Amino acid sequence: MNSAPTKTRDYILPELVDLMFTSVASVVVVGIGLVAAAWMSSAMHGDQVVLAGGVAAAIVTIGRVLIAGAYRRCQPSITSAAQAKAWELRYAIGGAAFTALLGSLSAYVFLIGAPAAQLLIAGVMLAYPAGMIVRVAVRPAIARLQLVLTLGPAIGACLFRGEPEMLLMAALLGAYLIVGIEMIGYLHMTITERIMARHELARMALHDDLTGLPNRAHFRKRLQEECDRTRRYGQRFAVLYLDLDHFKGVNDSMGHAAGDELLRQIALRLQASARASDIVARLSGDEFALVQTPIAERGETCPLAQRLVEVLAAPYMIDGQRVQIGVSIGIAICEPPGDEPDALLRRADRELYEAKEAGRGRYSLEDGGEEKRLAQPERR
């Protein structure tokens, strides 16, 4: 069985940490179990050390529940790996405190040789890993530490006692520890791979397979978010609708494989020309779109449009051949109080049509009460 842990990607870390915090019910049940076992053992043997351990277990359990409650209140805003790691540390500290206490009490009752106390505490000691291992295994370092803290002290105590039955108990607990460590690796790998596969399927549903850019569905979702932002905050943005000039000729003369490679190179040039806040997408075939956000004034988008016309018209090398095409761009501006995504795309499409009618290789900016801008292509 291959149980080598899968390297965790930062983008799924918040989800893995969230899985750990689904174990609150188990935390409460095991905490109550340990408190009850310690109280009963103390009542039977009058041992104040075990009683103090039970009180400490109650305090730690309450602390872990409070941490879990605080996490649930903050969970909707936890989106980054750094935020998830901070909560992971809180969880790890609480788990380490409880398992260290559980392991210490187990070792103590094995050393003092109280059979009834051994039975009660050992029951909790064995139940805790079984109940927690699936959820905590998503972060294997934390899970393995808790497993060692739970079982390690008891194994040491049994070996120290040295009686045959204690040595057998040490061997059984050691086997339980080894199997648990192996199982943690397997569960971590399985759960992580499933989560990553689900994220990849979701990504593929919203991205273009060829270029890796957002597809039409994803672009429209992002465009809706920008429209909502305009309505809420008065933030202006521009929609640039791009259609490649003479792309069909490349497909017809060089084949679809060459056309695909050309589209990939175009996507890279678009991404390199856009700012980090901009949104670049492939809508279909040889149609692309770009949202320039935010912009302070209408004319701010013209330098970007002119740069795209020039950048995309520069020669490409496809299968050792020099290929040159162009692009026509239609631009619509979303201003307060805002508009709807479909209306913006229709307006940008109308401007694209005007750019093509005017001779291609240029951009057209919709009239906003000023003189209409229809850029002339650069002469080469």
# chains A, B, ... in the order shown; residues from 1 in each chain; ligands from 1
call {"tool": "select_by_dssp", "arguments": {"residues": "segment 27-268 of chain A", "states": "alpha helix (DSSP H)", "output": "ChimeraX atom specification"}}
result
/A:27-45,48-74,81-112,115-136,140-161,164-206,216-233,247-254,256-268
call {"tool": "residues_around", "arguments": {"residues": "Ser277 of chain A", "least_positions_apart": "2", "cutoff": "9 Å", "atoms": "only C-alpha atoms", "output": "NGL selection string"}}
result
:A and (274-275 or 279 or 291-294)
call {"tool": "write_last_selection", "arguments": {"atoms": "all heavy atoms", "output": "compact mmCIF listing (two decimals), in the first residue's frame"}}
result
# COMPACT_ATOMS: atom_id res chain seq x y z
N ALA A 274 -2.05 42.75 -19.29
CA ALA A 274 -3.06 43.15 -18.31
C ALA A 274 -2.44 43.37 -16.94
O ALA A 274 -1.36 42.85 -16.63
CB ALA A 274 -4.15 42.09 -18.22
N ARG A 275 -3.13 44.16 -16.12
CA ARG A 275 -2.70 44.34 -14.72
C ARG A 275 -3.21 43.18 -13.87
O ARG A 275 -4.07 42.41 -14.31
CB ARG A 275 -3.26 45.65 -14.18
CG ARG A 275 -2.82 46.89 -14.95
CD ARG A 275 -3.55 48.13 -14.44
NE ARG A 275 -4.99 48.00 -14.56
CZ ARG A 275 -5.85 48.94 -14.23
NH1 ARG A 275 -5.43 50.08 -13.74
NH2 ARG A 275 -7.16 48.74 -14.35
N ILE A 279 -9.20 41.28 -15.65
CA ILE A 279 -9.73 39.93 -15.89
C ILE A 279 -9.62 39.64 -17.39
O ILE A 279 -10.16 40.38 -18.21
CB ILE A 279 -11.20 39.82 -15.46
CG1 ILE A 279 -11.36 40.24 -13.99
CG2 ILE A 279 -11.73 38.41 -15.68
CD1 ILE A 279 -12.81 40.55 -13.61
N VAL A 291 -11.51 42.73 -18.84
CA VAL A 291 -12.10 43.75 -17.99
C VAL A 291 -10.97 44.52 -17.34
O VAL A 291 -10.15 43.94 -16.62
CB VAL A 291 -13.02 43.14 -16.92
CG1 VAL A 291 -13.44 44.20 -15.91
CG2 VAL A 291 -14.25 42.53 -17.55
N GLN A 292 -10.91 45.81 -17.64
CA GLN A 292 -9.90 46.67 -17.02
C GLN A 292 -10.55 47.33 -15.80
O GLN A 292 -11.47 48.13 -15.92
CB GLN A 292 -9.43 47.74 -18.01
CG GLN A 292 -8.29 48.59 -17.47
CD GLN A 292 -7.89 49.68 -18.44
OE1 GLN A 292 -8.64 50.04 -19.33
NE2 GLN A 292 -6.69 50.22 -18.26
N THR A 293 -10.07 46.95 -14.62
CA THR A 293 -10.72 47.42 -13.39
C THR A 293 -9.69 47.70 -12.31
O THR A 293 -8.74 46.92 -12.13
CB THR A 293 -11.75 46.37 -12.90
OG1 THR A 293 -12.35 46.83 -11.69
CG2 THR A 293 -11.09 45.01 -12.62
N PRO A 294 -9.83 48.81 -11.59
CA PRO A 294 -10.77 49.90 -11.87
C PRO A 294 -10.14 50.91 -12.79
O PRO A 294 -8.92 50.87 -13.02
CB PRO A 294 -10.99 50.49 -10.48
CG PRO A 294 -9.67 50.30 -9.80
CD PRO A 294 -9.10 48.99 -10.32
call {"tool": "residues_around", "arguments": {"residues": "Ser23 of chain A", "least_positions_apart": "6", "cutoff": "10 Å", "atoms": "only C-alpha atoms", "output": "MDAnalysis selection string"}}
result
chainID A and resid 65 68 131:136
call {"tool": "write_last_selection", "arguments": {"atoms": "C-alpha atoms", "output": "CSV table (one decimal), in the first residue's frame"}}
result
chain,number,residue,atom,x,y,z
A,65,VAL,CA,-14.6,23.8,22.4
A,68,ALA,CA,-13.7,25.6,17.8
A,131,GLY,CA,-12.5,8.6,16.8
A,132,MET,CA,-10.2,11.4,15.8
A,133,ILE,CA,-7.7,9.9,13.3
A,134,VAL,CA,-9.9,10.3,10.2
A,135,ARG,CA,-10.4,14.0,10.6
A,136,VAL,CA,-7.0,15.0,12.0
call {"tool": "select_by_dssp", "arguments": {"residues": "segment 100-333 of chain A", "states": "strand (DSSP E or B)", "output": "PyMOL selection string"}}
result
chain A and resi 207+214+237-245+279-284+287-292+316-318+321-323+326-333
call {"tool": "atom_distance", "arguments": {"atom1": "atom CA of Val28 of chain A", "atom2": "atom CA of Arg64 of chain A"}}
result
8.8 Å
call {"tool": "closest_residue", "arguments": {"among": "A:Cys302, A:Ala117, A:Thr99, A:Met169", "to": "Arg144 of chain A", "atoms": "only C-alpha atoms"}}
result
A:Thr99
call {"tool": "closest_residue", "arguments": {"among": "A:Gly174, A:Gly162, A:Pro76, A:Pro140", "to": "His188 of chain A", "atoms": "only C-alpha atoms"}}
result
A:Pro140
